[in-house]
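K.L.:
Here you go, start_16.tsv (TSV, N, CA, C and O atoms):
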```
chain	number	residue	atom	x	y	z
A	874	MET	N	-47.91	22.20	-108.68
A	874	MET	CA	-48.70	22.43	-107.48
A	874	MET	C	-48.46	21.29	-106.50
A	874	MET	O	-48.32	20.14	-106.88
A	875	ARG	N	-48.46	21.62	-105.25
A	875	ARG	CA	-48.23	20.64	-104.20
A	875	ARG	C	-49.54	20.07	-103.69
A	875	ARG	O	-50.56	20.74	-103.71
A	876	ALA	N	-49.45	18.85	-103.22
A	876	ALA	CA	-50.62	18.21	-102.63
A	876	ALA	C	-50.97	18.93	-101.33
A	876	ALA	O	-50.11	19.50	-100.68
A	877	PRO	N	-52.24	18.90	-100.94
A	877	PRO	CA	-52.62	19.49	-99.66
A	877	PRO	C	-51.80	18.87	-98.53
A	877	PRO	O	-51.39	17.72	-98.59
A	878	ARG	N	-51.60	19.66	-97.51
A	878	ARG	CA	-50.71	19.27	-96.42
A	878	ARG	C	-51.06	17.94	-95.79
A	878	ARG	O	-50.19	17.10	-95.54
A	879	ASN	N	-52.35	17.70	-95.56
A	879	ASN	CA	-52.73	16.43	-94.90
A	879	ASN	C	-52.41	15.23	-95.79
A	879	ASN	O	-51.93	14.22	-95.31
A	880	LEU	N	-52.66	15.34	-97.09
A	880	LEU	CA	-52.37	14.23	-97.98
A	880	LEU	C	-50.87	14.06	-98.18
A	880	LEU	O	-50.37	12.95	-98.31
A	881	HIS	N	-50.15	15.17	-98.19
A	881	HIS	CA	-48.70	15.11	-98.33
A	881	HIS	C	-48.08	14.39	-97.13
A	881	HIS	O	-47.24	13.50	-97.29
A	882	ILE	N	-48.51	14.77	-95.93
A	882	ILE	CA	-47.99	14.13	-94.72
A	882	ILE	C	-48.32	12.64	-94.73
A	882	ILE	O	-47.48	11.80	-94.42
A	883	LEU	N	-49.54	12.31	-95.11
A	883	LEU	CA	-49.95	10.91	-95.16
A	883	LEU	C	-49.12	10.12	-96.16
A	883	LEU	O	-48.68	9.01	-95.88
A	884	ALA	N	-48.90	10.70	-97.33
A	884	ALA	CA	-48.12	10.01	-98.37
A	884	ALA	C	-46.69	9.78	-97.92
A	884	ALA	O	-46.13	8.69	-98.10
A	885	ILE	N	-46.08	10.79	-97.32
A	885	ILE	CA	-44.71	10.66	-96.84
A	885	ILE	C	-44.63	9.60	-95.74
A	885	ILE	O	-43.73	8.77	-95.73
A	886	SER	N	-45.60	9.61	-94.84
A	886	SER	CA	-45.59	8.61	-93.75
A	886	SER	C	-45.88	7.20	-94.28
A	886	SER	O	-45.59	6.23	-93.61
A	887	SER	N	-46.42	7.11	-95.50
A	887	SER	CA	-46.66	5.81	-96.11
A	887	SER	C	-45.44	5.30	-96.86
A	887	SER	O	-45.48	4.25	-97.49
A	888	GLY	N	-44.36	6.07	-96.80
A	888	GLY	CA	-43.12	5.62	-97.43
A	888	GLY	C	-42.87	6.20	-98.81
A	888	GLY	O	-41.91	5.80	-99.48
A	889	LEU	N	-43.69	7.13	-99.26
A	889	LEU	CA	-43.49	7.73	-100.57
A	889	LEU	C	-42.52	8.90	-100.46
A	889	LEU	O	-42.44	9.57	-99.43
A	890	THR	N	-41.79	9.15	-101.54
A	890	THR	CA	-40.87	10.28	-101.56
A	890	THR	C	-41.61	11.54	-101.98
A	890	THR	O	-42.73	11.47	-102.50
A	891	ASP	N	-40.98	12.69	-101.77
A	891	ASP	CA	-41.58	13.95	-102.20
A	891	ASP	C	-41.86	13.93	-103.70
A	891	ASP	O	-42.89	14.41	-104.16
A	892	HIS	N	-40.92	13.39	-104.45
A	892	HIS	CA	-41.09	13.31	-105.91
A	892	HIS	C	-42.32	12.47	-106.28
A	892	HIS	O	-43.10	12.84	-107.15
A	893	GLN	N	-42.49	11.33	-105.62
A	893	GLN	CA	-43.65	10.48	-105.88
A	893	GLN	C	-44.95	11.19	-105.52
A	893	GLN	O	-45.95	11.05	-106.22
A	894	VAL	N	-44.94	11.94	-104.43
A	894	VAL	CA	-46.14	12.67	-104.01
A	894	VAL	C	-46.53	13.69	-105.08
A	894	VAL	O	-47.70	13.81	-105.44
A	895	VAL	N	-45.54	14.42	-105.60
A	895	VAL	CA	-45.80	15.41	-106.65
A	895	VAL	C	-46.38	14.72	-107.89
A	895	VAL	O	-47.35	15.21	-108.49
A	896	GLU	N	-45.81	13.58	-108.26
A	896	GLU	CA	-46.32	12.84	-109.42
A	896	GLU	C	-47.75	12.36	-109.19
A	896	GLU	O	-48.60	12.46	-110.08
A	897	LEU	N	-48.02	11.82	-108.01
A	897	LEU	CA	-49.36	11.34	-107.70
A	897	LEU	C	-50.36	12.49	-107.70
A	897	LEU	O	-51.50	12.34	-108.16
A	898	TRP	N	-49.96	13.65	-107.17
A	898	TRP	CA	-50.86	14.80	-107.14
A	898	TRP	C	-51.19	15.26	-108.56
A	898	TRP	O	-52.35	15.58	-108.86
A	899	ALA	N	-50.21	15.26	-109.45
A	899	ALA	CA	-50.45	15.62	-110.85
A	899	ALA	C	-51.42	14.62	-111.49
A	899	ALA	O	-52.34	15.00	-112.21
A	900	GLN	N	-51.22	13.35	-111.19
A	900	GLN	CA	-52.13	12.30	-111.69
A	900	GLN	C	-53.54	12.51	-111.17
A	900	GLN	O	-54.52	12.39	-111.91
A	901	ALA	N	-53.65	12.79	-109.88
A	901	ALA	CA	-54.97	12.98	-109.26
A	901	ALA	C	-55.69	14.15	-109.90
A	901	ALA	O	-56.89	14.09	-110.17
A	902	ARG	N	-54.97	15.24	-110.16
A	902	ARG	CA	-55.58	16.42	-110.79
A	902	ARG	C	-56.07	16.10	-112.20
A	902	ARG	O	-57.12	16.57	-112.61
A	903	GLU	N	-55.30	15.29	-112.92
A	903	GLU	CA	-55.72	14.90	-114.28
A	903	GLU	C	-56.96	14.01	-114.24
A	903	GLU	O	-57.86	14.17	-115.05
A	904	GLN	N	-56.98	13.07	-113.30
A	904	GLN	CA	-58.07	12.10	-113.24
A	904	GLN	C	-59.34	12.66	-112.61
A	904	GLN	O	-60.41	12.08	-112.76
A	905	ALA	N	-59.23	13.79	-111.93
A	905	ALA	CA	-60.38	14.34	-111.21
A	905	ALA	C	-61.43	14.93	-112.13
A	905	ALA	O	-62.57	15.15	-111.71
A	906	GLY	N	-61.08	15.21	-113.37
A	906	GLY	CA	-62.07	15.73	-114.31
A	906	GLY	C	-61.97	17.22	-114.52
A	906	GLY	O	-60.90	17.81	-114.45
A	907	ASN	N	-63.12	17.83	-114.75
A	907	ASN	CA	-63.23	19.24	-115.11
A	907	ASN	C	-62.85	20.14	-113.93
A	907	ASN	O	-63.49	20.10	-112.88
A	908	ARG	N	-61.86	21.00	-114.14
A	908	ARG	CA	-61.39	21.88	-113.05
A	908	ARG	C	-62.40	22.93	-112.64
A	908	ARG	O	-62.33	23.47	-111.55
A	909	SER	N	-63.34	23.24	-113.50
A	909	SER	CA	-64.33	24.26	-113.17
A	909	SER	C	-65.54	23.67	-112.43
A	909	SER	O	-66.41	24.41	-111.99
A	910	HIS	N	-65.57	22.35	-112.31
A	910	HIS	CA	-66.68	21.70	-111.61
A	910	HIS	C	-66.58	22.00	-110.12
A	910	HIS	O	-65.49	21.99	-109.54
A	911	PRO	N	-67.72	22.26	-109.46
A	911	PRO	CA	-67.69	22.61	-108.02
A	911	PRO	C	-67.08	21.52	-107.12
A	911	PRO	O	-66.57	21.82	-106.06
A	912	ARG	N	-67.14	20.29	-107.55
A	912	ARG	CA	-66.62	19.20	-106.72
A	912	ARG	C	-65.22	18.74	-107.15
A	912	ARG	O	-64.76	17.68	-106.73
A	913	TYR	N	-64.54	19.55	-107.96
A	913	TYR	CA	-63.22	19.17	-108.46
A	913	TYR	C	-62.23	18.94	-107.31
A	913	TYR	O	-61.52	17.93	-107.31
A	914	ASP	N	-62.19	19.84	-106.34
A	914	ASP	CA	-61.25	19.69	-105.23
A	914	ASP	C	-61.52	18.42	-104.44
A	914	ASP	O	-60.60	17.67	-104.10
A	915	ARG	N	-62.78	18.16	-104.16
A	915	ARG	CA	-63.15	16.95	-103.41
A	915	ARG	C	-62.76	15.69	-104.20
A	915	ARG	O	-62.23	14.74	-103.64
A	916	GLN	N	-63.03	15.71	-105.50
A	916	GLN	CA	-62.70	14.57	-106.35
A	916	GLN	C	-61.19	14.38	-106.42
A	916	GLN	O	-60.70	13.25	-106.39
A	917	THR	N	-60.44	15.49	-106.51
A	917	THR	CA	-58.98	15.39	-106.56
A	917	THR	C	-58.45	14.76	-105.28
A	917	THR	O	-57.58	13.89	-105.32
A	918	HIS	N	-58.98	15.16	-104.12
A	918	HIS	CA	-58.57	14.57	-102.85
A	918	HIS	C	-58.89	13.07	-102.81
A	918	HIS	O	-58.09	12.27	-102.35
A	919	LYS	N	-60.06	12.72	-103.31
A	919	LYS	CA	-60.49	11.31	-103.32
A	919	LYS	C	-59.55	10.48	-104.20
A	919	LYS	O	-59.11	9.40	-103.79
A	920	VAL	N	-59.25	10.99	-105.38
A	920	VAL	CA	-58.36	10.26	-106.30
A	920	VAL	C	-56.96	10.15	-105.69
A	920	VAL	O	-56.33	9.10	-105.75
A	921	MET	N	-56.48	11.24	-105.09
A	921	MET	CA	-55.15	11.21	-104.46
A	921	MET	C	-55.11	10.16	-103.36
A	921	MET	O	-54.13	9.42	-103.25
A	922	MET	N	-56.13	10.07	-102.57
A	922	MET	CA	-56.18	9.07	-101.50
A	922	MET	C	-56.13	7.66	-102.10
A	922	MET	O	-55.43	6.79	-101.59
A	923	GLN	N	-56.87	7.45	-103.19
A	923	GLN	CA	-56.84	6.14	-103.84
A	923	GLN	C	-55.45	5.82	-104.39
A	923	GLN	O	-54.99	4.68	-104.29
A	924	LEU	N	-54.78	6.81	-104.94
A	924	LEU	CA	-53.43	6.60	-105.46
A	924	LEU	C	-52.44	6.30	-104.33
A	924	LEU	O	-51.57	5.44	-104.48
A	925	ILE	N	-52.58	7.00	-103.21
A	925	ILE	CA	-51.72	6.73	-102.05
A	925	ILE	C	-51.96	5.31	-101.55
A	925	ILE	O	-51.02	4.57	-101.26
A	926	GLU	N	-53.22	4.92	-101.47
A	926	GLU	CA	-53.57	3.56	-101.02
A	926	GLU	C	-52.95	2.53	-101.96
A	926	GLU	O	-52.39	1.52	-101.50
A	927	ALA	N	-53.06	2.75	-103.25
A	927	ALA	CA	-52.51	1.80	-104.23
A	927	ALA	C	-51.00	1.68	-104.08
A	927	ALA	O	-50.46	0.56	-104.10
A	928	LYS	N	-50.32	2.81	-103.93
A	928	LYS	CA	-48.86	2.78	-103.77
A	928	LYS	C	-48.46	2.11	-102.46
A	928	LYS	O	-47.51	1.33	-102.42
A	929	ALA	N	-49.18	2.42	-101.40
A	929	ALA	CA	-48.83	1.87	-100.08
A	929	ALA	C	-49.05	0.37	-100.00
A	929	ALA	O	-48.38	-0.31	-99.22
A	930	THR	N	-49.98	-0.15	-100.79
A	930	THR	CA	-50.28	-1.59	-100.73
A	930	THR	C	-49.67	-2.37	-101.89
A	930	THR	O	-49.94	-3.55	-102.03
A	931	GLU	N	-48.85	-1.70	-102.68
A	931	GLU	CA	-48.28	-2.30	-103.89
A	931	GLU	C	-47.58	-3.64	-103.62
A	931	GLU	O	-47.80	-4.61	-104.32
A	932	ASP	N	-46.71	-3.69	-102.64
A	932	ASP	CA	-45.92	-4.90	-102.38
A	932	ASP	C	-46.35	-5.63	-101.11
A	932	ASP	O	-45.59	-6.41	-100.54
A	933	VAL	N	-47.58	-5.37	-100.67
A	933	VAL	CA	-48.07	-5.95	-99.42
A	933	VAL	C	-48.86	-7.22	-99.74
A	933	VAL	O	-49.66	-7.24	-100.68
A	934	PRO	N	-48.63	-8.30	-98.98
A	934	PRO	CA	-49.42	-9.52	-99.20
A	934	PRO	C	-50.91	-9.23	-99.05
A	934	PRO	O	-51.32	-8.40	-98.23
A	935	PHE	N	-51.70	-9.92	-99.84
A	935	PHE	CA	-53.14	-9.67	-99.91
A	935	PHE	C	-53.82	-9.69	-98.54
A	935	PHE	O	-54.66	-8.84	-98.26
A	936	ASN	N	-53.43	-10.61	-97.69
A	936	ASN	CA	-54.10	-10.73	-96.38
A	936	ASN	C	-53.75	-9.58	-95.44
A	936	ASN	O	-54.43	-9.38	-94.43
A	937	LEU	N	-52.73	-8.78	-95.75
A	937	LEU	CA	-52.35	-7.65	-94.90
A	937	LEU	C	-52.84	-6.31	-95.43
A	937	LEU	O	-52.74	-5.29	-94.74
A	938	VAL	N	-53.40	-6.30	-96.63
A	938	VAL	CA	-53.87	-5.04	-97.24
A	938	VAL	C	-54.90	-4.33	-96.35
A	938	VAL	O	-54.78	-3.11	-96.14
A	939	PRO	N	-55.89	-5.02	-95.79
A	939	PRO	CA	-56.86	-4.30	-94.93
A	939	PRO	C	-56.19	-3.59	-93.76
A	939	PRO	O	-56.59	-2.50	-93.38
A	940	TRP	N	-55.14	-4.18	-93.19
A	940	TRP	CA	-54.46	-3.57	-92.05
A	940	TRP	C	-53.67	-2.34	-92.49
A	940	TRP	O	-53.64	-1.33	-91.77
A	941	VAL	N	-53.06	-2.41	-93.65
A	941	VAL	CA	-52.34	-1.25	-94.17
A	941	VAL	C	-53.31	-0.11	-94.45
A	941	VAL	O	-53.06	1.05	-94.10
A	942	LEU	N	-54.46	-0.44	-95.04
A	942	LEU	CA	-55.47	0.59	-95.32
A	942	LEU	C	-56.02	1.18	-94.02
A	942	LEU	O	-56.24	2.39	-93.92
A	943	PHE	N	-56.23	0.33	-93.02
A	943	PHE	CA	-56.68	0.80	-91.72
A	943	PHE	C	-55.67	1.78	-91.13
A	943	PHE	O	-56.03	2.87	-90.67
A	944	ASP	N	-54.39	1.42	-91.18
A	944	ASP	CA	-53.35	2.30	-90.67
A	944	ASP	C	-53.33	3.63	-91.42
A	944	ASP	O	-53.17	4.69	-90.81
A	945	LEU	N	-53.50	3.57	-92.73
A	945	LEU	CA	-53.52	4.79	-93.53
A	945	LEU	C	-54.65	5.72	-93.10
A	945	LEU	O	-54.45	6.92	-92.92
A	946	HIS	N	-55.83	5.16	-92.94
A	946	HIS	CA	-56.99	5.98	-92.61
A	946	HIS	C	-56.93	6.51	-91.17
A	946	HIS	O	-57.34	7.64	-90.91
A	947	VAL	N	-56.40	5.73	-90.26
A	947	VAL	CA	-56.19	6.22	-88.90
A	947	VAL	C	-55.14	7.33	-88.93
A	947	VAL	O	-55.30	8.36	-88.27
A	948	GLY	N	-54.10	7.14	-89.73
A	948	GLY	CA	-53.09	8.18	-89.88
A	948	GLY	C	-53.68	9.46	-90.43
A	948	GLY	O	-53.34	10.56	-89.98
A	949	LEU	N	-54.59	9.35	-91.39
A	949	LEU	CA	-55.24	10.53	-91.95
A	949	LEU	C	-56.07	11.24	-90.90
A	949	LEU	O	-56.06	12.48	-90.81
A	950	LEU	N	-56.76	10.49	-90.06
A	950	LEU	CA	-57.54	11.10	-88.97
A	950	LEU	C	-56.63	11.86	-88.00
A	950	LEU	O	-56.95	12.97	-87.57
A	951	ILE	N	-55.49	11.28	-87.69
A	951	ILE	CA	-54.55	11.93	-86.78
A	951	ILE	C	-54.01	13.21	-87.40
A	951	ILE	O	-53.94	14.25	-86.74
A	952	VAL	N	-53.65	13.15	-88.67
A	952	VAL	CA	-53.13	14.34	-89.36
A	952	VAL	C	-54.20	15.42	-89.41
A	952	VAL	O	-53.93	16.60	-89.13
A	953	ARG	N	-55.43	15.05	-89.75
A	953	ARG	CA	-56.51	16.04	-89.80
A	953	ARG	C	-56.76	16.66	-88.43
A	953	ARG	O	-56.99	17.87	-88.32
A	954	ALA	N	-56.72	15.84	-87.40
A	954	ALA	CA	-56.92	16.37	-86.04
A	954	ALA	C	-55.81	17.34	-85.67
A	954	ALA	O	-56.07	18.42	-85.12
A	955	ARG	N	-54.59	16.98	-86.00
A	955	ARG	CA	-53.46	17.87	-85.70
A	955	ARG	C	-53.59	19.20	-86.42
A	955	ARG	O	-53.39	20.27	-85.85
A	956	LEU	N	-53.94	19.15	-87.71
A	956	LEU	CA	-54.10	20.38	-88.48
A	956	LEU	C	-55.26	21.22	-87.95
A	956	LEU	O	-55.19	22.45	-87.92
A	957	ALA	N	-56.34	20.56	-87.51
A	957	ALA	CA	-57.48	21.29	-86.94
A	957	ALA	C	-57.08	21.98	-85.64
A	957	ALA	O	-57.44	23.13	-85.41
A	958	ILE	N	-56.30	21.28	-84.82
A	958	ILE	CA	-55.84	21.87	-83.56
A	958	ILE	C	-54.95	23.08	-83.85
A	958	ILE	O	-55.06	24.12	-83.19
A	959	GLU	N	-54.06	22.95	-84.83
A	959	GLU	CA	-53.21	24.08	-85.21
A	959	GLU	C	-54.05	25.27	-85.68
A	959	GLU	O	-53.78	26.41	-85.31
A	960	SER	N	-55.06	24.98	-86.47
A	960	SER	CA	-55.92	26.04	-86.99
A	960	SER	C	-56.68	26.73	-85.86
A	960	SER	O	-56.78	27.96	-85.82
A	961	ILE	N	-57.19	25.95	-84.93
A	961	ILE	CA	-57.91	26.51	-83.78
A	961	ILE	C	-56.96	27.38	-82.95
A	961	ILE	O	-57.32	28.47	-82.51
A	962	GLY	N	-55.74	26.91	-82.77
A	962	GLY	CA	-54.75	27.68	-82.02
A	962	GLY	C	-54.47	29.02	-82.68
A	962	GLY	O	-54.38	30.05	-82.00
A	963	GLU	N	-54.35	29.02	-84.00
A	963	GLU	CA	-54.13	30.27	-84.73
A	963	GLU	C	-55.32	31.21	-84.57
A	963	GLU	O	-55.15	32.41	-84.38
A	964	GLN	N	-56.52	30.67	-84.63
A	964	GLN	CA	-57.72	31.50	-84.47
A	964	GLN	C	-57.81	32.08	-83.07
A	964	GLN	O	-58.18	33.25	-82.90
A	965	VAL	N	-57.45	31.30	-82.05
A	965	VAL	CA	-57.48	31.78	-80.67
A	965	VAL	C	-56.44	32.89	-80.49
A	965	VAL	O	-56.73	33.92	-79.87
A	966	ARG	N	-55.23	32.70	-81.05
A	966	ARG	CA	-54.21	33.74	-80.96
A	966	ARG	C	-54.67	35.03	-81.64
A	966	ARG	O	-54.49	36.13	-81.13
A	967	HIS	N	-55.29	34.89	-82.82
A	967	HIS	CA	-55.79	36.05	-83.54
A	967	HIS	C	-56.88	36.76	-82.73
A	967	HIS	O	-56.88	37.99	-82.61
A	968	PHE	N	-57.79	35.99	-82.17
A	968	PHE	CA	-58.87	36.54	-81.36
A	968	PHE	C	-58.31	37.26	-80.14
A	968	PHE	O	-58.75	38.36	-79.78
A	969	ALA	N	-57.32	36.65	-79.48
A	969	ALA	CA	-56.71	37.26	-78.29
A	969	ALA	C	-56.01	38.56	-78.67
A	969	ALA	O	-56.09	39.55	-77.92
A	970	THR	N	-55.36	38.60	-79.81
A	970	THR	CA	-54.70	39.82	-80.27
A	970	THR	C	-55.73	40.92	-80.52
A	970	THR	O	-55.52	42.08	-80.14
A	971	GLU	N	-56.85	40.57	-81.12
A	971	GLU	CA	-57.91	41.55	-81.36
A	971	GLU	C	-58.47	42.07	-80.04
A	971	GLU	O	-58.72	43.27	-79.90
A	972	LEU	N	-58.68	41.18	-79.08
A	972	LEU	CA	-59.19	41.60	-77.77
A	972	LEU	C	-58.22	42.56	-77.08
A	972	LEU	O	-58.64	43.57	-76.51
A	973	ARG	N	-56.93	42.25	-77.14
A	973	ARG	CA	-55.92	43.10	-76.52
A	973	ARG	C	-55.91	44.49	-77.16
A	973	ARG	O	-55.81	45.50	-76.48
A	974	SER	N	-56.00	44.51	-78.51
A	974	SER	CA	-55.97	45.81	-79.20
A	974	SER	C	-57.22	46.63	-78.90
A	974	SER	O	-57.16	47.84	-78.81
A	975	LYS	N	-58.37	45.98	-78.71
A	975	LYS	CA	-59.61	46.70	-78.35
A	975	LYS	C	-59.54	47.19	-76.92
A	975	LYS	O	-60.08	48.23	-76.58
A	976	HIS	N	-58.87	46.41	-76.05
A	976	HIS	CA	-58.75	46.77	-74.65
A	976	HIS	C	-57.87	48.00	-74.47
A	976	HIS	O	-58.13	48.84	-73.60
A	977	THR	N	-56.82	48.09	-75.27
A	977	THR	CA	-55.90	49.21	-75.14
A	977	THR	C	-56.42	50.48	-75.80
A	977	THR	O	-55.95	51.56	-75.51
A	978	ALA	N	-57.40	50.34	-76.66
A	978	ALA	CA	-57.94	51.52	-77.36
A	978	ALA	C	-58.92	52.30	-76.55
A	978	ALA	O	-59.38	52.14	-75.53
```
Any chance you could give the structure as structure tokens?
P.N.:
Amino acid sequence: MRAPRNLHILAISSGLTDHQVVELWAQAREQAGNRSHPRYDRQTHKVMMQLIEAKATEDVPFNLVPWVLFDLHVGLLIVRARLAIESIGEQVRHFATELRSKHTA
């Protein structure tokens, strides 16, 4: 299974390879606990973010770690905003298509 798009983009932009992202996602799923628990998805995302942070700061001097984490979280906000805009655009296109089909009927 692939990591969610926002986490995948963030991991790749943090310098991780596709293979590393897949490995981290498998780790996150294992560490998240019971798959039938209602908060499993949220926990998996949280663990994945922690794993990305750990990998991204692995070789960073201690005094620069806060800046790397800041960049990561700002990057995540940008990715989420972009995905939200794409989603809104798709919904507007769908709505416009429905309106056109009702207008012609």
K.L.:
At what distance in Å, to one decimal, does atom N of A:Arg953 lie from atom N of A:Val938?
P.N.:
22.5 Å
K.L.:
Between atom CA of A:Val947 and atom CA of A:Ala927, what is the spacing in Å?
P.N.:
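Calculated distance between atom CA of A:Ala927 and atom CA of A:Val947 is 16.4 Å.
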K.L.:
Of the candidates A:Phe935, A:Thr970, A:Leu924, A:Leu883, which shows the shortest atom-to-atom distance to A:Ala901, using only N, CA, C and O atoms?
P.N.:
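The shortest atom-to-atom distance to A:Ala901 comes from A:Leu924.
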K.L.:
Let me make sure I understand: among A:Leu897, A:Leu950, A:Leu942, A:Ile882, which one has the smallest atom-to-atom distance to A:Met921 if we use only C-alpha atoms?
P.N.:
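Nearest candidate to A:Met921 out of A:Leu897, A:Leu950, A:Leu942, A:Ile882: A:Leu897.
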K.L.:
Tell me, in Å to one decimal, how far atom C of A:Tyr913 is from atom C of A:His881.
P.N.:
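Computed distance, atom C of A:Tyr913 to atom C of A:His881, equals 18.0 Å.
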K.L.:
A:Gly948, A:Pro939, A:Pro911, A:Pro877: which is nearest A:Trp898, counting all atoms listed in the file?
P.N.:
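Comparing A:Gly948, A:Pro939, A:Pro911, A:Pro877 against A:Trp898, the winner is A:Pro877.
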K.L.:
May I ask which of the residues A:Leu949, A:Ile961, A:Leu972, A:Val933 is the closest one to A:Asn879, counting only N, CA, C and O atoms?
P.N.:
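The shortest atom-to-atom distance to A:Asn879 comes from A:Leu949.
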K.L.:
A:Ala954, A:Arg908, A:Gln916, A:Ala876: which is nearest A:Asp891, counting only N, CA, C and O atoms?
P.N.:
A:Ala876
K.L.:
For A:Gly906, which residue out of A:Leu937, A:Val894, A:Leu889, A:Val920 is the nearest one, using only C-alpha atoms?
P.N.:
A:Val920
